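The next block is upload-v5.json, given as JSON, C-alpha atoms.
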[["chain", "number", "residue", "atom", "x", "y", "z"],
["A", 60, "MET", "CA", -145.36, 37.83, -94.94],
["A", 61, "VAL", "CA", -147.95, 39.86, -93.08],
["A", 62, "TRP", "CA", -146.44, 41.40, -89.98],
["A", 63, "THR", "CA", -148.42, 41.11, -86.77],
["A", 64, "ARG", "CA", -147.77, 42.93, -83.53],
["A", 65, "PRO", "CA", -146.37, 40.62, -80.82],
["A", 66, "ALA", "CA", -149.14, 39.48, -78.48],
["A", 67, "ASN", "CA", -147.00, 40.22, -75.41],
["A", 68, "VAL", "CA", -146.81, 43.96, -76.22],
["A", 69, "PRO", "CA", -149.86, 45.68, -74.69],
["A", 70, "TYR", "CA", -152.01, 47.65, -77.10],
["A", 71, "PRO", "CA", -152.45, 50.52, -76.96],
["A", 72, "SER", "CA", -149.22, 51.44, -75.14],
["A", 73, "VAL", "CA", -147.77, 54.84, -74.25],
["A", 74, "TRP", "CA", -144.30, 55.19, -75.80],
["A", 75, "HIS", "CA", -143.17, 58.68, -74.87],
["A", 76, "THR", "CA", -144.12, 61.69, -72.76],
["A", 77, "PHE", "CA", -142.66, 65.18, -72.93],
["A", 78, "ARG", "CA", -143.30, 68.73, -71.82],
["A", 79, "ALA", "CA", -144.02, 71.58, -74.21],
["A", 80, "LYS", "CA", -146.02, 74.81, -74.31],
["A", 81, "ASP", "CA", -149.78, 74.66, -73.97],
["A", 82, "VAL", "CA", -151.92, 75.75, -76.92],
["A", 83, "ASP", "CA", -153.12, 79.01, -75.37],
["A", 84, "SER", "CA", -150.26, 80.02, -73.05],
["A", 85, "ASP", "CA", -146.52, 79.70, -72.45],
["A", 86, "GLN", "CA", -147.19, 77.30, -69.60],
["A", 87, "LEU", "CA", -145.49, 73.93, -69.98],
["A", 88, "VAL", "CA", -147.83, 70.95, -70.01],
["A", 89, "ASN", "CA", -147.42, 67.21, -70.52],
["A", 90, "TYR", "CA", -147.90, 65.59, -73.91],
["A", 91, "VAL", "CA", -148.26, 61.87, -74.63],
["A", 92, "VAL", "CA", -147.30, 59.81, -77.69],
["A", 93, "GLN", "CA", -148.96, 56.41, -77.82],
["A", 94, "ASP", "CA", -150.32, 53.76, -80.16],
["A", 95, "LEU", "CA", -153.31, 54.97, -82.12],
["A", 96, "PRO", "CA", -156.27, 53.10, -80.55],
["A", 97, "GLU", "CA", -158.54, 51.14, -82.85],
["A", 98, "GLU", "CA", -161.57, 53.24, -81.90],
["A", 99, "ARG", "CA", -159.76, 56.35, -83.21],
["A", 100, "PHE", "CA", -158.67, 54.95, -86.58],
["A", 101, "GLU", "CA", -161.31, 56.84, -88.58],
["A", 102, "GLU", "CA", -160.78, 60.04, -86.59],
["A", 103, "ALA", "CA", -157.06, 59.89, -87.36],
["A", 104, "ILE", "CA", -157.71, 59.25, -91.06],
["A", 105, "GLY", "CA", -160.10, 62.21, -91.03],
["A", 106, "HIS", "CA", -157.28, 64.32, -89.57],
["A", 107, "MET", "CA", -154.92, 63.22, -92.35],
["A", 108, "LEU", "CA", -157.51, 63.91, -95.06],
["A", 109, "GLY", "CA", -158.47, 67.24, -93.52],
["A", 110, "ILE", "CA", -154.98, 68.55, -92.77],
["A", 111, "PHE", "CA", -152.10, 66.42, -94.09],
["A", 112, "ILE", "CA", -153.05, 66.21, -97.77],
["A", 113, "HIS", "CA", -153.46, 70.00, -97.85],
["A", 114, "ASP", "CA", -150.07, 70.65, -96.18],
["A", 115, "GLU", "CA", -147.73, 67.88, -97.34],
["A", 116, "PRO", "CA", -145.61, 69.40, -100.14],
["A", 117, "THR", "CA", -146.10, 66.79, -102.89],
["A", 118, "CYS", "CA", -149.84, 66.40, -102.23],
["A", 119, "GLU", "CA", -150.25, 70.16, -102.14],
["A", 120, "ALA", "CA", -148.27, 70.67, -105.35],
["A", 121, "LYS", "CA", -150.38, 68.08, -107.18],
["A", 122, "LYS", "CA", -153.60, 69.47, -105.64],
["A", 123, "LEU", "CA", -154.41, 65.93, -104.57],
["A", 124, "ALA", "CA", -157.23, 67.13, -102.30],
["A", 125, "GLU", "CA", -159.15, 68.26, -105.41],
["A", 126, "ASP", "CA", -159.20, 64.74, -106.90],
["A", 127, "PRO", "CA", -161.92, 62.66, -105.18],
["A", 128, "VAL", "CA", -160.51, 59.37, -106.52],
["A", 129, "SER", "CA", -157.07, 60.11, -105.07],
["A", 130, "VAL", "CA", -158.55, 61.27, -101.76],
["A", 131, "GLN", "CA", -160.58, 58.07, -101.41],
["A", 132, "GLU", "CA", -157.58, 55.99, -102.36],
["A", 133, "ILE", "CA", -155.09, 57.49, -99.92],
["A", 134, "GLY", "CA", -157.71, 57.19, -97.18],
["A", 135, "ASP", "CA", -158.12, 53.50, -97.99],
["A", 136, "VAL", "CA", -154.33, 53.02, -97.90],
["A", 137, "TRP", "CA", -154.26, 54.48, -94.39],
["A", 138, "ARG", "CA", -157.13, 52.19, -93.39],
["A", 139, "GLU", "CA", -154.94, 49.23, -94.30],
["A", 140, "LEU", "CA", -151.80, 50.58, -92.63],
["A", 141, "VAL", "CA", -153.43, 51.29, -89.25],
["A", 142, "LYS", "CA", -154.32, 47.59, -89.01],
["A", 143, "HIS", "CA", -150.65, 46.98, -88.15],
["A", 144, "ARG", "CA", -151.47, 48.70, -84.85],
["A", 145, "VAL", "CA", -148.24, 50.71, -84.71],
["A", 146, "ALA", "CA", -149.53, 54.10, -85.90],
["A", 147, "LEU", "CA", -148.86, 56.91, -83.41],
["A", 148, "ILE", "CA", -151.03, 59.64, -81.93],
["A", 149, "CYS", "CA", -149.90, 62.60, -79.83],
["A", 150, "TYR", "CA", -152.18, 64.53, -77.50],
["A", 151, "ARG", "CA", -151.98, 66.91, -74.59],
["A", 152, "GLU", "CA", -152.43, 65.13, -71.25],
["A", 153, "GLY", "CA", -156.01, 65.58, -70.10],
["A", 154, "SER", "CA", -157.28, 66.24, -73.62],
["A", 155, "ASN", "CA", -158.52, 63.90, -76.35],
["A", 156, "GLU", "CA", -157.75, 66.39, -79.13],
["A", 157, "ILE", "CA", -155.28, 65.18, -81.73],
["A", 158, "ALA", "CA", -152.04, 67.17, -81.60],
["A", 159, "GLY", "CA", -150.24, 64.98, -84.11],
["A", 160, "ILE", "CA", -150.43, 61.72, -86.06],
["A", 161, "ASN", "CA", -147.75, 59.52, -87.62],
["A", 162, "MET", "CA", -149.06, 56.83, -89.96],
["A", 163, "THR", "CA", -146.35, 54.32, -89.13],
["A", 164, "TYR", "CA", -146.52, 50.71, -90.28],
["A", 165, "VAL", "CA", -144.18, 47.74, -90.79],
["A", 166, "SER", "CA", -142.53, 47.15, -94.15],
["A", 167, "CYS", "CA", -141.31, 43.57, -94.76],
["A", 168, "LYS", "CA", -138.71, 42.50, -97.32],
["A", 169, "ASP", "CA", -140.74, 39.56, -98.60],
["A", 170, "ASP", "CA", -143.99, 41.46, -98.91],
["A", 171, "LYS", "CA", -144.70, 41.09, -102.63],
["A", 172, "GLN", "CA", -148.20, 42.55, -102.72],
["A", 173, "GLU", "CA", -148.86, 44.43, -105.94],
["A", 174, "TYR", "CA", -150.49, 47.82, -105.56],
["A", 175, "THR", "CA", -151.91, 49.81, -108.45],
["A", 176, "CYS", "CA", -153.03, 53.41, -107.96],
["A", 177, "LYS", "CA", -156.29, 54.53, -109.54],
["A", 178, "GLY", "CA", -156.10, 58.29, -108.98],
["A", 179, "ASP", "CA", -153.62, 60.09, -111.24],
["A", 180, "ARG", "CA", -152.53, 62.58, -108.58],
["A", 181, "TRP", "CA", -152.07, 59.95, -105.89],
["A", 182, "ARG", "CA", -150.17, 57.79, -108.40],
["A", 183, "ASP", "CA", -147.66, 60.59, -109.03],
["A", 184, "VAL", "CA", -147.11, 61.13, -105.29],
["A", 185, "PHE", "CA", -146.97, 57.42, -104.46],
["A", 186, "ASP", "CA", -144.62, 56.52, -107.33],
["A", 187, "SER", "CA", -142.21, 59.31, -106.38],
["A", 188, "VAL", "CA", -142.01, 57.90, -102.84],
["A", 189, "VAL", "CA", -141.45, 54.39, -104.23],
["A", 190, "TYR", "CA", -138.65, 55.80, -106.42],
["A", 191, "PHE", "CA", -136.91, 57.08, -103.29],
["A", 192, "SER", "CA", -137.54, 53.90, -101.32],
["A", 193, "ASP", "CA", -136.07, 51.76, -104.11],
["A", 194, "ARG", "CA", -132.90, 53.85, -104.28],
["A", 195, "SER", "CA", -132.49, 53.91, -100.53],
["A", 196, "ASN", "CA", -132.11, 50.12, -100.62],
["A", 197, "VAL", "CA", -132.89, 49.96, -96.91],
["A", 198, "PHE", "CA", -133.21, 46.17, -96.59],
["A", 199, "GLU", "CA", -129.77, 45.55, -98.12],
["A", 200, "ARG", "CA", -128.06, 48.66, -96.72],
["A", 201, "TYR", "CA", -128.91, 47.73, -93.13],
["A", 202, "GLN", "CA", -129.25, 43.96, -93.58],
["A", 203, "VAL", "CA", -132.77, 43.82, -92.13],
["A", 204, "ASP", "CA", -135.89, 41.97, -93.24],
["A", 205, "LYS", "CA", -138.39, 44.42, -91.72],
["A", 206, "TYR", "CA", -138.51, 47.98, -90.43],
["A", 207, "LEU", "CA", -140.90, 50.63, -89.17],
["A", 208, "ALA", "CA", -141.94, 52.78, -92.12],
["A", 209, "ALA", "CA", -144.42, 55.65, -92.36],
["A", 210, "MET", "CA", -146.76, 57.31, -94.79],
["A", 211, "GLY", "CA", -147.55, 60.68, -93.29],
["A", 212, "LEU", "CA", -146.49, 62.78, -90.29],
["A", 213, "SER", "CA", -148.93, 65.55, -89.39],
["A", 214, "VAL", "CA", -149.19, 68.11, -86.59],
["A", 215, "THR", "CA", -152.45, 69.98, -86.00],
["A", 216, "PRO", "CA", -151.83, 73.66, -86.94],
["A", 217, "LYS", "CA", -152.53, 75.13, -83.49],
["A", 218, "TYR", "CA", -150.02, 72.72, -81.93],
["A", 219, "ARG", "CA", -147.17, 73.59, -84.30],
["A", 220, "GLY", "CA", -143.98, 75.29, -83.10],
["A", 221, "ARG", "CA", -143.75, 73.05, -80.01],
["A", 222, "GLY", "CA", -141.39, 70.36, -81.27],
["A", 223, "ILE", "CA", -144.19, 67.82, -81.52],
["A", 224, "ALA", "CA", -142.98, 66.30, -84.82],
["A", 225, "THR", "CA", -139.58, 65.69, -83.22],
["A", 226, "GLU", "CA", -141.11, 63.99, -80.19],
["A", 227, "ILE", "CA", -143.39, 61.79, -82.29],
["A", 228, "LEU", "CA", -140.36, 60.62, -84.27],
["A", 229, "ARG", "CA", -138.48, 60.05, -81.01],
["A", 230, "ALA", "CA", -141.34, 57.80, -79.83],
["A", 231, "ARG", "CA", -140.56, 55.40, -82.67],
["A", 232, "ILE", "CA", -137.45, 54.25, -80.77],
["A", 233, "PRO", "CA", -139.15, 52.62, -77.75],
["A", 234, "LEU", "CA", -141.93, 51.35, -80.03],
["A", 235, "CYS", "CA", -139.40, 49.61, -82.29],
["A", 236, "LYS", "CA", -137.55, 48.14, -79.32],
["A", 237, "ALA", "CA", -140.75, 46.75, -77.84],
["A", 238, "VAL", "CA", -142.04, 45.10, -81.01],
["A", 239, "GLY", "CA", -138.64, 43.88, -82.22],
["A", 240, "LEU", "CA", -137.92, 46.15, -85.16],
["A", 241, "PRO", "CA", -134.22, 46.95, -85.76],
["A", 242, "LEU", "CA", -134.74, 50.04, -87.90],
["A", 243, "THR", "CA", -137.11, 52.84, -88.78],
["A", 244, "SER", "CA", -136.95, 54.48, -92.20],
["A", 245, "THR", "CA", -139.08, 57.05, -94.01],
["A", 246, "VAL", "CA", -139.11, 59.17, -97.15],
["A", 247, "PHE", "CA", -139.40, 62.68, -95.69],
["A", 248, "THR", "CA", -140.81, 65.01, -98.34],
["A", 249, "ALA", "CA", -140.88, 68.25, -96.29],
["A", 250, "THR", "CA", -138.22, 70.37, -94.64],
["A", 251, "GLY", "CA", -140.53, 70.48, -91.62],
["A", 252, "SER", "CA", -140.08, 66.73, -91.10],
["A", 253, "GLN", "CA", -136.47, 66.41, -92.31],
["A", 254, "ILE", "CA", -135.16, 68.75, -89.59],
["A", 255, "PRO", "CA", -136.93, 66.92, -86.72],
["A", 256, "ALA", "CA", -135.72, 63.57, -88.12],
["A", 257, "ALA", "CA", -132.12, 64.78, -88.10],
["A", 258, "LYS", "CA", -132.53, 65.98, -84.49],
["A", 259, "VAL", "CA", -133.64, 62.50, -83.44],
["A", 260, "GLY", "CA", -130.64, 60.92, -85.19],
["A", 261, "PHE", "CA", -131.96, 59.78, -88.56],
["A", 262, "GLU", "CA", -129.24, 59.56, -91.22],
["A", 263, "GLU", "CA", -129.69, 60.39, -94.88],
["A", 264, "ASN", "CA", -129.79, 57.45, -97.30],
["A", 265, "PHE", "CA", -130.85, 59.10, -100.54],
["A", 266, "VAL", "CA", -131.33, 62.80, -101.22],
["A", 267, "MET", "CA", -132.44, 64.59, -104.36],
["A", 268, "GLU", "CA", -133.58, 68.09, -105.20],
["A", 269, "TYR", "CA", -137.15, 68.24, -106.44],
["A", 270, "ALA", "CA", -135.87, 70.07, -109.53],
["A", 271, "ASP", "CA", -133.75, 67.02, -110.39],
["A", 272, "LEU", "CA", -136.52, 64.58, -109.51],
["A", 273, "ALA", "CA", -138.67, 66.16, -112.21],
["A", 274, "LYS", "CA", -135.98, 65.26, -114.77],
["A", 275, "VAL", "CA", -136.24, 61.58, -113.82],
["A", 276, "ASN", "CA", -139.92, 61.42, -114.70],
["A", 277, "PRO", "CA", -142.20, 64.27, -115.82],
["A", 278, "ARG", "CA", -144.84, 62.95, -113.42],
["A", 279, "PHE", "CA", -142.46, 63.74, -110.56],
["A", 280, "GLU", "CA", -142.68, 67.46, -111.22],
["A", 281, "PHE", "CA", -144.28, 69.21, -108.25],
["A", 282, "PRO", "CA", -145.08, 72.81, -109.26],
["A", 283, "GLY", "CA", -144.28, 75.48, -106.68],
["A", 284, "ILE", "CA", -143.14, 72.97, -104.06],
["A", 285, "PRO", "CA", -141.71, 74.89, -101.05],
["A", 286, "SER", "CA", -139.19, 72.24, -99.97],
["A", 287, "LYS", "CA", -135.92, 72.03, -101.92],
["A", 288, "TYR", "CA", -135.09, 68.40, -101.19],
["A", 289, "CYS", "CA", -136.75, 65.04, -100.75],
["A", 290, "LYS", "CA", -134.84, 62.78, -98.35],
["A", 291, "SER", "CA", -134.97, 59.12, -97.45],
["A", 292, "MET", "CA", -133.71, 58.86, -93.86],
["A", 293, "SER", "CA", -133.20, 55.96, -91.45],
["A", 294, "LEU", "CA", -132.48, 55.39, -87.78],
["A", 295, "LYS", "CA", -130.92, 52.18, -86.44],
["A", 296, "ILE", "CA", -132.49, 51.03, -83.20],
["A", 297, "GLN", "CA", -129.74, 50.20, -80.69]]
For the structure just supplied, provide its representation as structure tokens.
Amino acid sequence: MVWTRPANVPYPSVWHTFRAKDVDSDQLVNYVVQDLPEERFEEAIGHMLGIFIHDEPTCEAKKLAEDPVSVQEIGDVWRELVKHRVALICYREGSNEIAGINMTYVSCKDDKQEYTCKGDRWRDVFDSVVYFSDRSNVFERYQVDKYLAAMGLSVTPKYRGRGIATEILRARIPLCKAVGLPLTSTVFTATGSQIPAAKVGFEENFVMEYADLAKVNPRFEFPGIPSKYCKSMSLKIQ
């Protein structure tokens, strides 16, 4: 099953607006979270390759950015995911500059596509996420056949400290309601995304310390990782 966005849901749509501090003052300004438009797909992937893979704890620990094969591969994965047309972009009203990106997509229970990683570093990161997803058992736990998943939440450095990650995650709720998804679930690898997820109402499904994860498989050792836990978390859409 290949999920397609319902034709009666306008694309791109704005899903959430909020007020937060401007980048260069304490003045409150409006921010928008909306569907990532098709014409900005490559710009968003460039943001993820330029910022996310250097900041995300498991990618950073594996030095994924130093492996050209892994970099190309994760970029190509994002190029496939954005085709679902549910990825999210946040920007300051009146500006085109990316404040944040969430590479959301739809995961379907009967999607049996086989995926084999080529880059060793990307394989270690990807397989560790799959390990968490498998143990979270989201489809059976919540009795759903599809949900909004994600592979990367990133906030541009100069926009950090404004609650933008929280608001991007909050925007998933009206998005899910509009396109008919009963659940959103993600493996959150960083403390900086786990805390916002909890604020929005995500519940923990499967939690493990990185120190224990390394005992499961030597490839899941992430040297010097700053976050203590990896957490699979889900939010039921009411």
Which of A:Ser286, A:Ser291, A:Ser252, A:Gln172 sits closest to Val266 (chain A) [using only C-alpha atoms]:
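Using only C-alpha atoms, the shortest distance to Val266 (chain A) belongs to A:Ser291.
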Go through region 143-165 of chain A and flag each residue having an atom no more than 10 Å from region 217-235 of chain A; for those, report the closest pair of atoms plus their distance in Å to one decimal, using all atoms listed in the file, ordered by chain and rising number, as JSON lines.
{"residue": "A:Val145", "atom": "CA", "partner": "A:Leu234", "partner_atom": "CA", "distance": 7.9}
{"residue": "A:Ala146", "atom": "CA", "partner": "A:Arg231", "partner_atom": "CA", "distance": 9.6}
{"residue": "A:Leu147", "atom": "CA", "partner": "A:Ile227", "partner_atom": "CA", "distance": 7.4}
{"residue": "A:Ile148", "atom": "CA", "partner": "A:Ile227", "partner_atom": "CA", "distance": 7.9}
{"residue": "A:Cys149", "atom": "CA", "partner": "A:Ile227", "partner_atom": "CA", "distance": 7.0}
{"residue": "A:Tyr150", "atom": "CA", "partner": "A:Ile223", "partner_atom": "CA", "distance": 9.5}
{"residue": "A:Arg151", "atom": "CA", "partner": "A:Tyr218", "partner_atom": "CA", "distance": 9.6}
{"residue": "A:Ile157", "atom": "CA", "partner": "A:Tyr218", "partner_atom": "CA", "distance": 9.2}
{"residue": "A:Ala158", "atom": "CA", "partner": "A:Tyr218", "partner_atom": "CA", "distance": 5.9}
{"residue": "A:Gly159", "atom": "CA", "partner": "A:Ile223", "partner_atom": "CA", "distance": 7.2}
{"residue": "A:Ile160", "atom": "CA", "partner": "A:Ile227", "partner_atom": "CA", "distance": 8.0}
{"residue": "A:Asn161", "atom": "CA", "partner": "A:Ile227", "partner_atom": "CA", "distance": 7.3}
{"residue": "A:Thr163", "atom": "CA", "partner": "A:Arg231", "partner_atom": "CA", "distance": 8.7}
{"residue": "A:Val165", "atom": "CA", "partner": "A:Cys235", "partner_atom": "CA", "distance": 9.9}
Best match for closeness to Arg99 (chain A) among A:Val141, A:Val61, A:Leu207, A:Val136, counting all atoms listed in the file:
A:Val141
Have a look at CA of Lys171 (chain A) and CA of Thr63 (chain A) and let me know their distance in Å, one decimal.
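CA of Thr63 (chain A) lies 16.3 Å from CA of Lys171 (chain A).
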For Arg278 (chain A), the nearest of the candidates A:Glu199, A:Glu102, A:Asp186, A:Asp170, counting all atoms listed in the file:
A:Asp186
Around the point (-156.3, 66.4, -90.7) in the file's coordinates, collect all residues with an atom within 12 Å, using all atoms listed in the file, and return them as a count of residues only.
30
From the list A:Thr76, A:Thr117, A:Asn276, A:Thr175, the nearest residue to Val92 (chain A) using all atoms listed in the file is A:Thr76
Report, in Å with one decimal, the straight-line distance from CA of Leu95 (chain A) to CA of Val73 (chain A).
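Interatomic distance here is 9.6 Å.
Shortest separation to Gly178 (chain A) among A:Lys142, A:Met210, A:Gln131, A:Ser192 occurs at residue A:Gln131, atoms counted being only C-alpha atoms.
Here CA of Asn67 (chain A) is placed at a distance of 13.5 Å from CA of Arg144 (chain A).
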Do you know which residues are at most 12 Å from Leu294 (chain A) counting all atoms listed in the file, after dropping those on the same chain fewer than 5 positions away, and could you put them as a count of residues only?
25
Which residues are near Val128 (chain A)? Cut-off 12 Å, only C-alpha atoms, ignore same chain within fewer than 6 positions. Put them as a list of chain:residue names.
A:Gly134, A:Asp135, A:Cys176, A:Lys177, A:Gly178, A:Asp179, A:Arg180, A:Trp181, A:Arg182
Mind working out the centre and edge lengths of an axis-aligned box for region 129-145 of chain A, all listed atoms inside, 3 Å added to each side, rounded to one decimal in Å and written as AutoDock Vina command-line options?
--center_x -154.4 --center_y 54.1 --center_z -94.9 --size_x 18.3 --size_y 20.3 --size_z 26.4
For Gly251 (chain A), which residue out of A:Lys80, A:Glu280, A:Lys287, A:Ala120 is the nearest one, using all atoms listed in the file?
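Ranked by minimum distance to Gly251 (chain A), first place goes to A:Lys287.
Excluding Phe191 (chain A) itself and same-chain residues fewer than 5 positions from it, the residues having an atom within 8 Å of it are Val246, Phe265, Lys290 and Ser291 of chain A, counting only C-alpha atoms.
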